[in-house]
Amino acid sequence: MYLFILIFGGSVSFFVYQTGSSISSVNHRLTEQQLPLFNNISELEHWLYERERILYEHYATEDKLSDMPKLAFAKKQVGGYLNAISKAFPE
């Protein structure tokens, strides 16, 4: 009887250890790879909408030169986030 309880307890402990290890692996992959990638995609979306807004203002106003620095900055941000995302998906 005691041998059965010992074997059963050992197998439950091993199962719990394996499950914990699997959860730790998934958690590590999520925090190290997927969340930063999701953040980059979210920022890219933001800067694409911001660039679109700046372009609408640019074509709606008479003073075209005032929007150029904002447009250049938005373009730089979009390029930076595209580069960061492309590094996550090498071909």
# chains A, B, ... in the order shown; residues from 1 in each chain; ligands from 1
>>> select_by_dssp(residues="chain A", states="alpha helix (DSSP H)", output="PyMOL selection string")
chain A and resi 2-29+35-60+68-88
>>> residues_around(residues="Glu43 of chain A", least_positions_apart="5", cutoff="12 Å", atoms="only C-alpha atoms", output="PyMOL selection string")
chain A and resi 36-38+48-50+74+77-82+84-85
>>> write_last_selection(atoms="C-alpha atoms", output="PDB file, in the first residue's frame")
ATOM      1  CA  PRO A  36       7.544  42.928 -28.255  1.00  0.00           C
ATOM      2  CA  LEU A  37       6.480  41.980 -31.779  1.00  0.00           C
ATOM      3  CA  PHE A  38       2.854  42.804 -30.954  1.00  0.00           C
ATOM      4  CA  LEU A  48       0.544  54.759 -40.298  1.00  0.00           C
ATOM      5  CA  TYR A  49      -2.645  56.445 -39.100  1.00  0.00           C
ATOM      6  CA  GLU A  50      -0.649  59.445 -37.904  1.00  0.00           C
ATOM      7  CA  ALA A  74       6.255  59.918 -39.210  1.00  0.00           C
ATOM      8  CA  GLN A  77       8.968  56.015 -37.444  1.00  0.00           C
ATOM      9  CA  VAL A  78       7.099  53.831 -39.950  1.00  0.00           C
ATOM     10  CA  GLY A  79      10.388  52.729 -41.507  1.00  0.00           C
ATOM     11  CA  GLY A  80      11.891  51.934 -38.122  1.00  0.00           C
ATOM     12  CA  TYR A  81       8.968  49.787 -37.029  1.00  0.00           C
ATOM     13  CA  LEU A  82       8.861  48.023 -40.406  1.00  0.00           C
ATOM     14  CA  ALA A  84      11.961  45.861 -36.472  1.00  0.00           C
ATOM     15  CA  ILE A  85       9.039  43.709 -37.610  1.00  0.00           C
TER      16      ILE A  85
END
>>> atom_distance(atom1="atom CA of Ser25 of chain A", atom2="atom CA of Ala88 of chain A")
18.8 Å
>>> residues_around(residues="Lys70 of chain A", least_positions_apart="3", cutoff="10 Å", atoms="only C-alpha atoms", output="JSON, numbers by chain")
{"A": [50, 51, 54, 55, 58, 65, 66, 67, 73, 74, 75, 76]}
>>> atom_distance(atom1="atom CA of Ser42 of chain A", atom2="atom CA of Arg29 of chain A")
18.8 Å
